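Colleague: Input file: upload-v1.tsv. Contents: TSV, C-alpha atoms and all ligand atoms.
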chain	number	residue	atom	x	y	z
C	13	MET	CA	-185.85	160.25	232.11
C	14	PRO	CA	-189.21	158.74	231.20
C	15	LEU	CA	-191.85	157.88	233.73
C	16	VAL	CA	-191.20	154.26	234.68
C	17	ARG	CA	-193.49	151.53	236.03
C	18	THR	CA	-193.73	150.74	239.74
C	19	ALA	CA	-193.28	147.02	239.03
C	20	GLU	CA	-189.78	147.72	237.65
C	21	LEU	CA	-188.76	149.75	240.70
C	22	VAL	CA	-190.13	147.18	243.15
C	23	ALA	CA	-188.38	144.37	241.24
C	24	ALA	CA	-185.09	146.27	241.58
C	25	GLY	CA	-185.91	147.23	245.24
C	26	PRO	CA	-185.66	148.38	247.92
C	27	VAL	CA	-187.55	151.49	246.89
C	28	CYS	CA	-189.23	154.36	248.74
C	29	ALA	CA	-192.70	155.69	247.95
C	30	PHE	CA	-193.45	159.22	249.14
C	31	ASN	CA	-196.92	160.72	249.48
C	32	VAL	CA	-197.84	163.63	247.22
C	33	ILE	CA	-200.50	166.05	248.43
C	34	THR	CA	-199.53	169.21	246.54
C	35	LEU	CA	-197.43	170.04	243.49
C	36	GLU	CA	-194.72	171.20	245.91
C	37	HIS	CA	-194.61	167.69	247.41
C	38	ALA	CA	-193.95	166.17	243.96
C	39	GLU	CA	-191.27	168.77	243.19
C	40	GLY	CA	-189.61	168.39	246.59
C	41	ILE	CA	-189.62	164.58	246.47
C	42	VAL	CA	-188.10	164.48	242.99
C	43	ALA	CA	-185.50	167.12	243.90
C	44	GLY	CA	-184.43	165.01	246.89
C	45	ALA	CA	-184.33	161.84	244.78
C	46	GLU	CA	-182.22	163.59	242.14
C	47	ARG	CA	-179.70	164.69	244.78
C	48	ALA	CA	-179.56	161.11	246.07
C	49	GLY	CA	-179.35	159.74	242.52
C	50	THR	CA	-182.14	157.33	243.39
C	51	ALA	CA	-185.42	156.20	241.83
C	52	VAL	CA	-188.63	156.97	243.73
C	53	ILE	CA	-192.34	156.32	243.65
C	54	LEU	CA	-194.72	159.29	243.87
C	55	GLN	CA	-197.90	158.08	245.52
C	56	ILE	CA	-201.25	159.83	245.69
C	57	SER	CA	-203.66	158.54	248.31
C	58	GLU	CA	-207.44	158.37	248.18
C	59	ASN	CA	-207.42	160.94	251.01
C	60	ALA	CA	-205.28	163.28	248.89
C	61	VAL	CA	-207.75	162.86	246.03
C	62	LYS	CA	-210.56	163.79	248.45
C	63	PHE	CA	-208.55	166.89	249.43
C	64	HIS	CA	-208.50	167.85	245.74
C	65	GLY	CA	-212.30	167.81	245.62
C	66	GLY	CA	-212.45	164.16	244.60
C	67	ARG	CA	-210.53	164.90	241.40
C	68	LEU	CA	-207.61	162.59	240.66
C	69	THR	CA	-206.66	163.95	237.24
C	70	PRO	CA	-205.20	167.40	238.10
C	71	ILE	CA	-202.79	166.25	240.85
C	72	ALA	CA	-201.94	163.06	238.91
C	73	ALA	CA	-201.16	165.09	235.77
C	74	ALA	CA	-198.96	167.44	237.82
C	75	ALA	CA	-197.07	164.54	239.43
C	76	SER	CA	-196.75	162.83	236.05
C	77	ALA	CA	-195.26	165.97	234.49
C	78	VAL	CA	-192.77	166.35	237.35
C	79	ALA	CA	-191.83	162.67	236.95
C	80	ALA	CA	-191.39	162.96	233.19
C	81	GLU	CA	-188.81	165.72	233.62
C	82	ALA	CA	-186.93	164.04	236.49
C	83	ALA	CA	-183.27	163.06	236.20
C	84	VAL	CA	-184.00	159.76	238.01
C	85	PRO	CA	-186.62	157.04	237.33
C	86	VAL	CA	-189.98	157.90	238.89
C	87	SER	CA	-193.24	155.95	238.91
C	88	LEU	CA	-196.78	156.92	239.95
C	89	HIS	CA	-198.81	154.93	242.47
C	90	LEU	CA	-202.37	155.34	243.75
C	91	ASP	CA	-202.37	154.64	247.49
C	92	HIS	CA	-204.91	153.33	250.02
C	93	VAL	CA	-207.78	153.07	247.56
C	94	GLN	CA	-210.99	151.83	249.13
C	95	SER	CA	-213.34	153.05	246.40
C	96	PRO	CA	-213.61	150.71	243.38
C	97	LYS	CA	-214.65	153.80	241.38
C	98	LEU	CA	-211.31	155.48	242.13
C	99	LEU	CA	-209.42	152.23	241.44
C	100	HIS	CA	-211.02	152.13	238.01
C	101	ARG	CA	-209.60	155.57	237.16
C	102	ALA	CA	-206.00	154.61	237.95
C	103	ALA	CA	-204.87	153.60	234.47
C	104	GLU	CA	-206.29	156.62	232.64
C	105	ALA	CA	-204.63	158.91	235.23
C	106	GLY	CA	-201.19	157.50	234.40
C	107	MET	CA	-200.73	155.30	237.48
C	108	SER	CA	-198.78	152.07	236.96
C	109	SER	CA	-199.70	150.66	240.37
C	110	VAL	CA	-202.44	150.80	242.96
C	111	MET	CA	-202.65	149.85	246.61
C	112	PHE	CA	-206.19	148.54	247.10
C	113	ASP	CA	-206.99	148.70	250.79
C	114	ALA	CA	-209.73	146.40	252.04
C	115	SER	CA	-207.81	145.67	255.25
C	116	HIS	CA	-210.62	147.13	257.34
C	117	LEU	CA	-212.88	144.26	256.20
C	118	ASP	CA	-212.78	140.81	257.74
C	119	TYR	CA	-210.50	138.24	256.11
C	120	ASP	CA	-213.02	136.71	253.68
C	121	ALA	CA	-214.41	140.08	252.55
C	122	ASN	CA	-210.89	141.53	252.20
C	123	LEU	CA	-209.90	138.51	250.11
C	124	ALA	CA	-212.94	138.73	247.80
C	125	ALA	CA	-212.63	142.50	247.24
C	126	THR	CA	-208.86	142.30	246.72
C	127	ARG	CA	-209.15	139.39	244.28
C	128	ASP	CA	-211.56	141.45	242.15
C	129	ALA	CA	-209.27	144.50	242.33
C	130	ALA	CA	-206.23	142.44	241.32
C	131	ALA	CA	-208.05	140.88	238.37
C	132	TRP	CA	-209.15	144.32	237.18
C	133	ALA	CA	-205.65	145.75	237.60
C	134	HIS	CA	-203.94	142.86	235.83
C	135	ASP	CA	-206.27	143.19	232.83
C	136	ARG	CA	-204.80	146.69	232.45
C	137	GLY	CA	-201.18	145.81	233.20
C	138	LEU	CA	-201.21	147.50	236.61
C	139	HIS	CA	-199.25	146.31	239.67
C	140	LEU	CA	-201.64	145.71	242.59
C	141	GLU	CA	-200.64	146.02	246.24
C	142	ALA	CA	-202.98	144.93	249.02
C	143	GLU	CA	-202.91	144.93	252.81
C	144	LEU	CA	-203.49	142.18	255.32
C	145	GLY	CA	-203.49	142.87	259.04
C	146	GLU	CA	-204.64	146.45	259.26
C	147	VAL	CA	-201.80	148.97	259.78
C	148	GLY	CA	-203.39	151.47	262.19
C	149	GLY	CA	-203.23	155.22	262.44
C	150	LYS	CA	-205.18	156.34	259.37
C	151	ASP	CA	-208.07	157.22	261.68
C	152	GLY	CA	-205.69	158.86	264.13
C	153	ALA	CA	-205.65	155.85	266.46
C	154	HIS	CA	-202.35	154.00	266.62
C	155	ALA	CA	-202.69	150.24	266.68
C	156	PRO	CA	-199.09	149.05	266.89
C	157	GLY	CA	-200.18	145.69	268.35
C	158	VAL	CA	-201.76	144.39	265.13
C	159	ARG	CA	-199.67	141.76	263.31
C	160	THR	CA	-199.96	139.96	259.97
C	161	ASP	CA	-199.89	136.17	260.29
C	162	PRO	CA	-197.41	134.58	257.82
C	163	ARG	CA	-199.57	131.54	256.99
C	164	GLU	CA	-202.66	133.68	256.47
C	165	ALA	CA	-200.57	136.07	254.34
C	166	ALA	CA	-199.34	133.24	252.10
C	167	ALA	CA	-202.90	131.95	251.61
C	168	PHE	CA	-204.15	135.49	250.94
C	169	VAL	CA	-201.53	136.17	248.26
C	170	ALA	CA	-202.19	132.80	246.59
C	171	ALA	CA	-205.95	133.36	246.56
C	172	THR	CA	-205.90	136.99	245.36
C	173	GLY	CA	-202.92	137.04	242.98
C	174	VAL	CA	-201.67	140.40	244.32
C	175	ASP	CA	-198.22	141.66	243.31
C	176	ALA	CA	-197.14	143.09	246.68
C	177	LEU	CA	-198.40	142.91	250.25
C	178	ALA	CA	-198.50	145.60	252.93
C	179	VAL	CA	-198.00	143.97	256.31
C	180	ALA	CA	-198.59	144.95	259.93
C	181	VAL	CA	-195.28	144.45	261.75
C	182	GLY	CA	-195.31	147.22	264.37
C	183	SER	CA	-195.51	150.48	262.41
C	184	SER	CA	-198.49	152.82	262.46
C	185	HIS	CA	-199.64	155.62	260.17
C	186	ALA	CA	-199.42	159.33	261.02
C	187	MET	CA	-196.76	159.05	263.73
C	188	THR	CA	-194.83	162.29	264.24
C	189	SER	CA	-192.19	160.66	266.46
C	190	ARG	CA	-189.88	157.93	265.16
C	191	THR	CA	-190.43	155.56	268.05
C	192	ALA	CA	-192.21	152.54	266.51
C	193	ARG	CA	-190.53	149.20	267.24
C	194	LEU	CA	-190.75	146.68	264.43
C	195	ASP	CA	-190.96	142.92	264.73
C	196	HIS	CA	-187.96	141.99	262.57
C	197	ASP	CA	-188.34	138.28	263.18
C	198	LEU	CA	-191.90	138.45	261.88
C	199	ILE	CA	-190.74	140.39	258.78
C	200	ALA	CA	-188.27	137.59	258.01
C	201	ARG	CA	-190.95	134.92	258.52
C	202	LEU	CA	-193.32	136.83	256.23
C	203	ARG	CA	-190.57	137.16	253.60
C	204	ASP	CA	-190.03	133.40	253.71
C	205	ALA	CA	-193.77	132.61	253.58
C	206	VAL	CA	-194.95	135.16	251.00
C	207	PRO	CA	-193.76	135.01	247.36
C	208	VAL	CA	-194.35	138.73	246.61
C	209	PRO	CA	-192.52	141.88	247.84
C	210	LEU	CA	-193.48	143.16	251.31
C	211	VAL	CA	-194.46	146.78	251.89
C	212	LEU	CA	-193.99	148.78	255.10
C	213	HIS	CA	-196.58	151.50	255.73
C	214	GLY	CA	-196.26	154.14	258.43
C	215	SER	CA	-192.49	154.32	257.96
C	216	SER	CA	-192.32	157.95	259.16
C	217	GLY	CA	-192.66	156.59	262.70
C	218	VAL	CA	-189.70	154.24	262.34
C	219	ALA	CA	-186.13	155.26	263.24
C	220	ASP	CA	-183.24	154.93	260.77
C	221	ASP	CA	-181.69	151.79	262.25
C	222	GLU	CA	-185.10	150.09	262.53
C	223	LEU	CA	-185.79	150.91	258.87
C	224	ARG	CA	-182.44	149.52	257.77
C	225	ALA	CA	-183.11	146.34	259.73
C	226	ALA	CA	-186.60	146.05	258.20
C	227	VAL	CA	-185.17	146.23	254.68
C	228	ALA	CA	-182.48	143.72	255.60
C	229	ALA	CA	-185.19	141.37	256.92
C	230	GLY	CA	-187.27	141.57	253.75
C	231	ILE	CA	-189.21	144.84	253.32
C	232	VAL	CA	-188.96	145.95	249.67
C	233	LYS	CA	-191.19	149.04	249.43
C	234	VAL	CA	-191.10	151.68	252.15
C	235	ASN	CA	-194.02	154.14	252.29
C	236	ILE	CA	-193.25	157.57	253.72
C	237	GLY	CA	-195.79	160.36	254.17
C	238	THR	CA	-196.09	162.01	257.57
C	239	ILE	CA	-192.43	162.97	257.92
C	240	LEU	CA	-192.78	165.12	254.76
C	241	ASN	CA	-195.77	166.91	256.23
C	242	VAL	CA	-193.87	167.55	259.45
C	243	ALA	CA	-191.07	169.07	257.34
C	244	PHE	CA	-193.46	171.09	255.13
C	245	THR	CA	-195.51	172.50	257.97
C	246	GLY	CA	-192.50	173.17	260.17
C	247	ALA	CA	-190.87	175.22	257.41
C	248	VAL	CA	-194.07	177.19	256.81
C	249	ARG	CA	-194.53	177.85	260.52
C	250	ASP	CA	-190.96	179.15	260.78
C	251	VAL	CA	-191.49	181.90	258.22
C	252	LEU	CA	-195.16	182.76	258.74
C	253	ALA	CA	-194.44	184.55	262.00
C	254	ASP	CA	-193.71	187.63	259.87
C	255	PRO	CA	-197.13	189.34	259.48
C	256	ALA	CA	-195.87	191.33	256.46
C	257	LEU	CA	-195.32	188.12	254.48
C	258	VAL	CA	-198.10	187.59	251.93
C	259	ASP	CA	-196.38	185.95	248.94
C	260	PRO	CA	-197.02	182.17	249.12
C	261	ARG	CA	-193.71	181.53	247.37
C	262	LYS	CA	-191.96	182.87	250.46
C	263	TYR	CA	-193.23	179.92	252.54
C	264	LEU	CA	-193.81	177.24	249.90
C	265	LYS	CA	-190.21	177.45	248.71
C	266	PRO	CA	-188.68	176.61	252.12
C	267	ALA	CA	-191.39	173.98	252.63
C	268	ARG	CA	-190.48	172.30	249.33
C	269	GLU	CA	-186.76	172.53	250.15
C	270	ARG	CA	-187.25	171.02	253.63
C	271	MET	CA	-189.13	168.08	252.04
C	272	ALA	CA	-186.33	167.59	249.50
C	273	GLU	CA	-183.79	167.42	252.36
C	274	VAL	CA	-185.88	164.79	254.18
C	275	VAL	CA	-186.26	162.72	251.00
C	276	GLU	CA	-182.52	162.84	250.26
C	277	ARG	CA	-181.74	161.78	253.81
C	278	MET	CA	-184.29	158.95	253.92
C	279	LEU	CA	-183.04	157.57	250.60
C	280	ALA	CA	-179.47	157.62	251.93
C	281	VAL	CA	-180.57	155.78	255.07
C	282	LEU	CA	-182.19	153.03	253.07
C	283	ASP	CA	-179.69	152.96	250.23
C	284	ALA	CA	-182.82	152.63	248.10
C	285	GLY	CA	-183.43	152.70	244.36
R	301	ZN	ZN	-200.30	153.41	254.36
How does this structure look as structure tokens?
Ligand SMILES: [Zn+2]
Modeller:
Amino acid sequence: MPLVRTAELVAAGPVCAFNVITLEHAEGIVAGAERAGTAVILQISENAVKFHGGRLTPIAAAASAVAAEAAVPVSLHLDHVQSPKLLHRAAEAGMSSVMFDASHLDYDANLAATRDAAAWAHDRGLHLEAELGEVGGKDGAHAPGVRTDPREAAAFVAATGVDALAVAVGSSHAMTSRTARLDHDLIARLRDAVPVPLVLHGSSGVADDELRAAVAAGIVKVNIGTILNVAFTGAVRDVLADPALVDPRKYLKPARERMAEVVERMLAVLDAG
């Protein structure tokens, strides 16, 4: 199955995007998607690139190779990019989409930076996602009270030309409990006001029924990261208690398998792809 483009998967949505930090993440995500028989997006965040010493190419090449051999359609996405320099490396690294995140700026500055990013991306045939109404938690502080205003969102999309919009509707990044309550009425109003697909970030903190309701109300792309890391680290912790264990395969294999199980289950919940 060839690597596909994010725009195709979003157009056929709903679709889940899972965060890749290590090769084992990419392998586990694709294994889970293959069991579910569902397309997925592998996304690499700017923070993951920083973890890899600021190098995008090695982890992108690994994810791309895993995608190319997958039995289901897989696309590559560069997530939460704040650095224009990193944005400008997306195409050569095999990404077909980028989330450019200027949501920490005020409205006018976010709009100007996002408009430039979208123009650059469109010149290269890339799908550009942006964010309006900052989804909290990336700095460790949950900000579930922030909300995206539908009228502002419509004006923002018209002025920037973005292809998808991440919205603040009650979720928060980095949650390890699935207790976030979403504003489903607001999701529906955003869907009606905004002509491009809506993206939910921080979906690890959202329970199954809330996620289903969010997709029913109009969310098209569901970003999932933290719940994979909970699975990975939990599996490693379970086996590392044995002090005689030194072979990394002995803990990375169950970690990868635990992530695959989570991916398969989340895709079943959302009936995605
Ligand atoms: Zn996010």
Colleague: For the point (-186.9, 166.3, 248.2) in the file's frame, write as a list in words all residues with an atom no more than 7 Å away, counting all atoms listed in the file.
Modeller: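 Here is the list of nearby residues: Gly40, Ile41, Val42, Ala43, Gly44, Ala45, Glu269, Met271, Ala272, Glu273, Val274, Val275 and Glu276 of chain C.
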Colleague: For the residues selected in the previous step, produce a file with C-alpha atoms as a PDB file, keeping the file's coordinate frame.
Modeller:
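Okay, selection26.pdb is ready:
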ATOM      1  CA  GLY C  40    -189.610 168.390 246.590  1.00  0.00           C
ATOM      2  CA  ILE C  41    -189.620 164.580 246.470  1.00  0.00           C
ATOM      3  CA  VAL C  42    -188.100 164.480 242.990  1.00  0.00           C
ATOM      4  CA  ALA C  43    -185.500 167.120 243.900  1.00  0.00           C
ATOM      5  CA  GLY C  44    -184.430 165.010 246.890  1.00  0.00           C
ATOM      6  CA  ALA C  45    -184.330 161.840 244.780  1.00  0.00           C
ATOM      7  CA  GLU C 269    -186.760 172.530 250.150  1.00  0.00           C
ATOM      8  CA  MET C 271    -189.130 168.080 252.040  1.00  0.00           C
ATOM      9  CA  ALA C 272    -186.330 167.590 249.500  1.00  0.00           C
ATOM     10  CA  GLU C 273    -183.790 167.420 252.360  1.00  0.00           C
ATOM     11  CA  VAL C 274    -185.880 164.790 254.180  1.00  0.00           C
ATOM     12  CA  VAL C 275    -186.260 162.720 251.000  1.00  0.00           C
ATOM     13  CA  GLU C 276    -182.520 162.840 250.260  1.00  0.00           C
TER      14      GLU C 276
END
Colleague: How would you write, as a ChimeraX atom specification, the set of residues no farther than 8 Å from ligand ZN 301 (chain R) when counting only C-alpha atoms and all ligand atoms?
Modeller: /C:91-92,147,150,185,212-214,235
Colleague: Would you kindly return, as an NGL selection string, each protein, DNA or RNA residue with an atom no farther than 9 Å from any atom of Asp221 in chain C, considering all atoms listed in the file and excluding same-chain residues fewer than 4 positions away?
Modeller: :C and (225-226 or 281)
Colleague: Go through range 125-220 of chain C residue by residue and, counting only C-alpha atoms, keep those with an atom at most 12 Å from range 100-115 of chain C; for each kept residue give the shortest atom pair and its distance in Å to one decimal, ordered by chain and increasing number, as a Markdown table.
Modeller:
| residue | atom | partner | partner_atom | distance |
| --- | --- | --- | --- | --- |
| C:Ala125 | CA | C:Ala114 | CA | 6.8 |
| C:Thr126 | CA | C:Ala114 | CA | 6.8 |
| C:Arg127 | CA | C:Phe112 | CA | 10.0 |
| C:Asp128 | CA | C:Phe112 | CA | 10.2 |
| C:Ala129 | CA | C:Phe112 | CA | 7.0 |
| C:Ala130 | CA | C:Phe112 | CA | 8.4 |
| C:Ala131 | CA | C:His100 | CA | 11.6 |
| C:Trp132 | CA | C:His100 | CA | 8.1 |
| C:Ala133 | CA | C:Val110 | CA | 8.0 |
| C:His134 | CA | C:Ser109 | CA | 10.0 |
| C:Asp135 | CA | C:Ala103 | CA | 10.6 |
| C:Arg136 | CA | C:Ala103 | CA | 7.2 |
| C:Gly137 | CA | C:Ser108 | CA | 7.7 |
| C:Leu138 | CA | C:Ser109 | CA | 5.1 |
| C:His139 | CA | C:Ser109 | CA | 4.4 |
| C:Leu140 | CA | C:Val110 | CA | 5.2 |
| C:Glu141 | CA | C:Met111 | CA | 4.3 |
| C:Ala142 | CA | C:Phe112 | CA | 5.2 |
| C:Glu143 | CA | C:Ser115 | CA | 5.5 |
| C:Leu144 | CA | C:Ser115 | CA | 5.6 |
| C:Gly145 | CA | C:Ser115 | CA | 6.4 |
| C:Glu146 | CA | C:Ser115 | CA | 5.2 |
| C:Val147 | CA | C:Ser115 | CA | 8.2 |
| C:Gly148 | CA | C:Ser115 | CA | 10.1 |
| C:Lys150 | CA | C:Asp113 | CA | 11.6 |
| C:Val158 | CA | C:Ser115 | CA | 11.7 |
| C:Thr160 | CA | C:Ser115 | CA | 10.8 |
| C:Phe168 | CA | C:Ser115 | CA | 11.6 |
| C:Thr172 | CA | C:Phe112 | CA | 11.7 |
| C:Val174 | CA | C:Phe112 | CA | 9.7 |
| C:Asp175 | CA | C:Ser109 | CA | 9.6 |
| C:Ala176 | CA | C:Met111 | CA | 8.7 |
| C:Leu177 | CA | C:Met111 | CA | 8.9 |
| C:Ala178 | CA | C:Met111 | CA | 8.7 |
| C:Val179 | CA | C:Ser115 | CA | 10.0 |
| C:Ala180 | CA | C:Ser115 | CA | 10.4 |
| C:Val211 | CA | C:Met111 | CA | 10.2 |
| C:His213 | CA | C:Met111 | CA | 11.1 |
Colleague: For C-alpha atoms, I'd like the residues from the last selection saved as a PDB file, keeping the file's coordinate frame.
Modeller:
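Output file part_36.pdb is given in full below:
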ATOM      1  CA  ALA C 125    -212.630 142.500 247.240  1.00  0.00           C
ATOM      2  CA  THR C 126    -208.860 142.300 246.720  1.00  0.00           C
ATOM      3  CA  ARG C 127    -209.150 139.390 244.280  1.00  0.00           C
ATOM      4  CA  ASP C 128    -211.560 141.450 242.150  1.00  0.00           C
ATOM      5  CA  ALA C 129    -209.270 144.500 242.330  1.00  0.00           C
ATOM      6  CA  ALA C 130    -206.230 142.440 241.320  1.00  0.00           C
ATOM      7  CA  ALA C 131    -208.050 140.880 238.370  1.00  0.00           C
ATOM      8  CA  TRP C 132    -209.150 144.320 237.180  1.00  0.00           C
ATOM      9  CA  ALA C 133    -205.650 145.750 237.600  1.00  0.00           C
ATOM     10  CA  HIS C 134    -203.940 142.860 235.830  1.00  0.00           C
ATOM     11  CA  ASP C 135    -206.270 143.190 232.830  1.00  0.00           C
ATOM     12  CA  ARG C 136    -204.800 146.690 232.450  1.00  0.00           C
ATOM     13  CA  GLY C 137    -201.180 145.810 233.200  1.00  0.00           C
ATOM     14  CA  LEU C 138    -201.210 147.500 236.610  1.00  0.00           C
ATOM     15  CA  HIS C 139    -199.250 146.310 239.670  1.00  0.00           C
ATOM     16  CA  LEU C 140    -201.640 145.710 242.590  1.00  0.00           C
ATOM     17  CA  GLU C 141    -200.640 146.020 246.240  1.00  0.00           C
ATOM     18  CA  ALA C 142    -202.980 144.930 249.020  1.00  0.00           C
ATOM     19  CA  GLU C 143    -202.910 144.930 252.810  1.00  0.00           C
ATOM     20  CA  LEU C 144    -203.490 142.180 255.320  1.00  0.00           C
ATOM     21  CA  GLY C 145    -203.490 142.870 259.040  1.00  0.00           C
ATOM     22  CA  GLU C 146    -204.640 146.450 259.260  1.00  0.00           C
ATOM     23  CA  VAL C 147    -201.800 148.970 259.780  1.00  0.00           C
ATOM     24  CA  GLY C 148    -203.390 151.470 262.190  1.00  0.00           C
ATOM     25  CA  LYS C 150    -205.180 156.340 259.370  1.00  0.00           C
ATOM     26  CA  VAL C 158    -201.760 144.390 265.130  1.00  0.00           C
ATOM     27  CA  THR C 160    -199.960 139.960 259.970  1.00  0.00           C
ATOM     28  CA  PHE C 168    -204.150 135.490 250.940  1.00  0.00           C
ATOM     29  CA  THR C 172    -205.900 136.990 245.360  1.00  0.00           C
ATOM     30  CA  VAL C 174    -201.670 140.400 244.320  1.00  0.00           C
ATOM     31  CA  ASP C 175    -198.220 141.660 243.310  1.00  0.00           C
ATOM     32  CA  ALA C 176    -197.140 143.090 246.680  1.00  0.00           C
ATOM     33  CA  LEU C 177    -198.400 142.910 250.250  1.00  0.00           C
ATOM     34  CA  ALA C 178    -198.500 145.600 252.930  1.00  0.00           C
ATOM     35  CA  VAL C 179    -198.000 143.970 256.310  1.00  0.00           C
ATOM     36  CA  ALA C 180    -198.590 144.950 259.930  1.00  0.00           C
ATOM     37  CA  VAL C 211    -194.460 146.780 251.890  1.00  0.00           C
ATOM     38  CA  HIS C 213    -196.580 151.500 255.730  1.00  0.00           C
TER      39      HIS C 213
END
Colleague: Taking every listed atom of range 192-209 of chain C and adding 5 Å to each side, what centre and edge lengths in Å (one decimal) does the axis-aligned box have, as lines of an AutoDock Vina configuration file?
Modeller:
center_x = -191.5
center_y = 142.6
center_z = 256.9
size_x = 17.0
size_y = 29.9
size_z = 30.6
Colleague: For a test of reading the model, state the distance in Å between CA of Glu20 in chain C and CA of Leu202 in chain C, rounded to one decimal.
Modeller: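 Separation of CA of Glu20 in chain C and CA of Leu202 in chain C: 21.8 Å.
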Colleague: When you draw a straight line from CA of Asp161 in chain C to CA of Leu88 in chain C, how long is it in Å?
Modeller: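 Separation between CA of Asp161 in chain C and CA of Leu88 in chain C: 29.2 Å.
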Colleague: Neighbouring residues of range 237-244 of chain C were defined as those with any atom within 6 Å, considering all atoms listed in the file; residues of the same chain fewer than 4 positions away were excluded. Please report them as a ChimeraX atom specification.
Modeller: /C:30-31,186,216,267,270-271
Colleague: So, with only C-alpha atoms as the atoms that count, which of C:Val206, C:Val251, C:Ile33, C:Leu282 lies closest to Ala228 in chain C?
Modeller: C:Leu282
Colleague: Could you check which of C:Val32, C:Leu123, C:Ile199, C:Ala166 is closest to Ser57 in chain C, using all atoms listed in the file?
Modeller: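 Closest residue, counting all atoms listed in the file: C:Val32.
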Colleague: Suppose you want the space between CA of Arg249 in chain C and CA of Pro266 in chain C; what is it in Å?
Modeller: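 Distance between the two atoms: 10.3 Å.
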Colleague: From the set C:Ala83, C:Ala75, C:Ala253, C:Leu68, which residue has the shortest atom-to-atom contact distance to Ala48 in chain C, counting only C-alpha atoms?
Modeller: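 Between C:Ala83, C:Ala75, C:Ala253, C:Leu68, the residue approaching Ala48 in chain C most closely is C:Ala83.
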Colleague: Can you find the residues with an atom no farther than 10 Å from (-191.7, 154.2, 262.8), counting only C-alpha atoms, and report them as an MDAnalysis selection string?
Modeller: chainID C and resid 156 182:194 212:220 222:223 236
Colleague: So, with all atoms listed in the file as the atoms that count, which of C:Val181, C:Ile71, C:Val258, C:Ala165 lies closest to Asp204 in chain C?
Modeller: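 With all atoms listed in the file as the atom set, the closest residue is C:Ala165.
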Colleague: Write out as an mmCIF file with C-alpha atoms, in the coordinates of the input the residues lying within 10 Å of Arg67 in chain C, counting only C-alpha atoms and excluding same-chain residues fewer than 5 positions away.
Modeller:
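Now in selection_29.cif:
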data_model
loop_
_atom_site.group_PDB
_atom_site.id
_atom_site.type_symbol
_atom_site.label_atom_id
_atom_site.label_comp_id
_atom_site.auth_asym_id
_atom_site.auth_seq_id
_atom_site.Cartn_x
_atom_site.Cartn_y
_atom_site.Cartn_z
ATOM 1 C CA GLU C 58 -207.440 158.370 248.180
ATOM 2 C CA ALA C 60 -205.280 163.280 248.890
ATOM 3 C CA VAL C 61 -207.750 162.860 246.030
ATOM 4 C CA LYS C 62 -210.560 163.790 248.450
ATOM 5 C CA ALA C 72 -201.940 163.060 238.910
ATOM 6 C CA LEU C 98 -211.310 155.480 242.130
#
Colleague: Please supply range 271-282 of chain C, rebuilt with N, CA and C atoms, as an mmCIF file, keeping the file's coordinate frame.
Modeller:
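This is the output file result.cif:
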data_model
loop_
_atom_site.group_PDB
_atom_site.id
_atom_site.type_symbol
_atom_site.label_atom_id
_atom_site.label_comp_id
_atom_site.auth_asym_id
_atom_site.auth_seq_id
_atom_site.Cartn_x
_atom_site.Cartn_y
_atom_site.Cartn_z
ATOM 1 N N MET C 271 -188.707 169.433 252.453
ATOM 2 C CA MET C 271 -189.130 168.080 252.040
ATOM 3 C C MET C 271 -188.044 167.400 251.218
ATOM 4 N N ALA C 272 -187.403 168.164 250.325
ATOM 5 C CA ALA C 272 -186.330 167.590 249.500
ATOM 6 C C ALA C 272 -185.196 167.070 250.382
ATOM 7 N N GLU C 273 -184.865 167.845 251.443
ATOM 8 C CA GLU C 273 -183.790 167.420 252.360
ATOM 9 C C GLU C 273 -184.163 166.113 253.071
ATOM 10 N N VAL C 274 -185.425 166.019 253.499
ATOM 11 C CA VAL C 274 -185.880 164.790 254.180
ATOM 12 C C VAL C 274 -185.813 163.598 253.226
ATOM 13 N N VAL C 275 -186.259 163.804 251.993
ATOM 14 C CA VAL C 275 -186.260 162.720 251.000
ATOM 15 C C VAL C 275 -184.820 162.252 250.732
ATOM 16 N N GLU C 276 -183.927 163.206 250.529
ATOM 17 C CA GLU C 276 -182.520 162.840 250.260
ATOM 18 C C GLU C 276 -181.951 162.029 251.406
ATOM 19 N N ARG C 277 -182.285 162.461 252.636
ATOM 20 C CA ARG C 277 -181.740 161.780 253.810
ATOM 21 C C ARG C 277 -182.344 160.379 253.975
ATOM 22 N N MET C 278 -183.659 160.258 253.773
ATOM 23 C CA MET C 278 -184.290 158.950 253.920
ATOM 24 C C MET C 278 -183.772 157.974 252.874
ATOM 25 N N LEU C 279 -183.554 158.470 251.659
ATOM 26 C CA LEU C 279 -183.040 157.570 250.600
ATOM 27 C C LEU C 279 -181.630 157.129 250.909
ATOM 28 N N ALA C 280 -180.847 158.003 251.538
ATOM 29 C CA ALA C 280 -179.470 157.620 251.930
ATOM 30 C C ALA C 280 -179.508 156.571 253.032
ATOM 31 N N VAL C 281 -180.434 156.737 253.972
ATOM 32 C CA VAL C 281 -180.570 155.780 255.070
ATOM 33 C C VAL C 281 -180.846 154.384 254.531
ATOM 34 N N LEU C 282 -181.744 154.330 253.553
ATOM 35 C CA LEU C 282 -182.190 153.030 253.070
ATOM 36 C C LEU C 282 -181.368 152.508 251.911
#
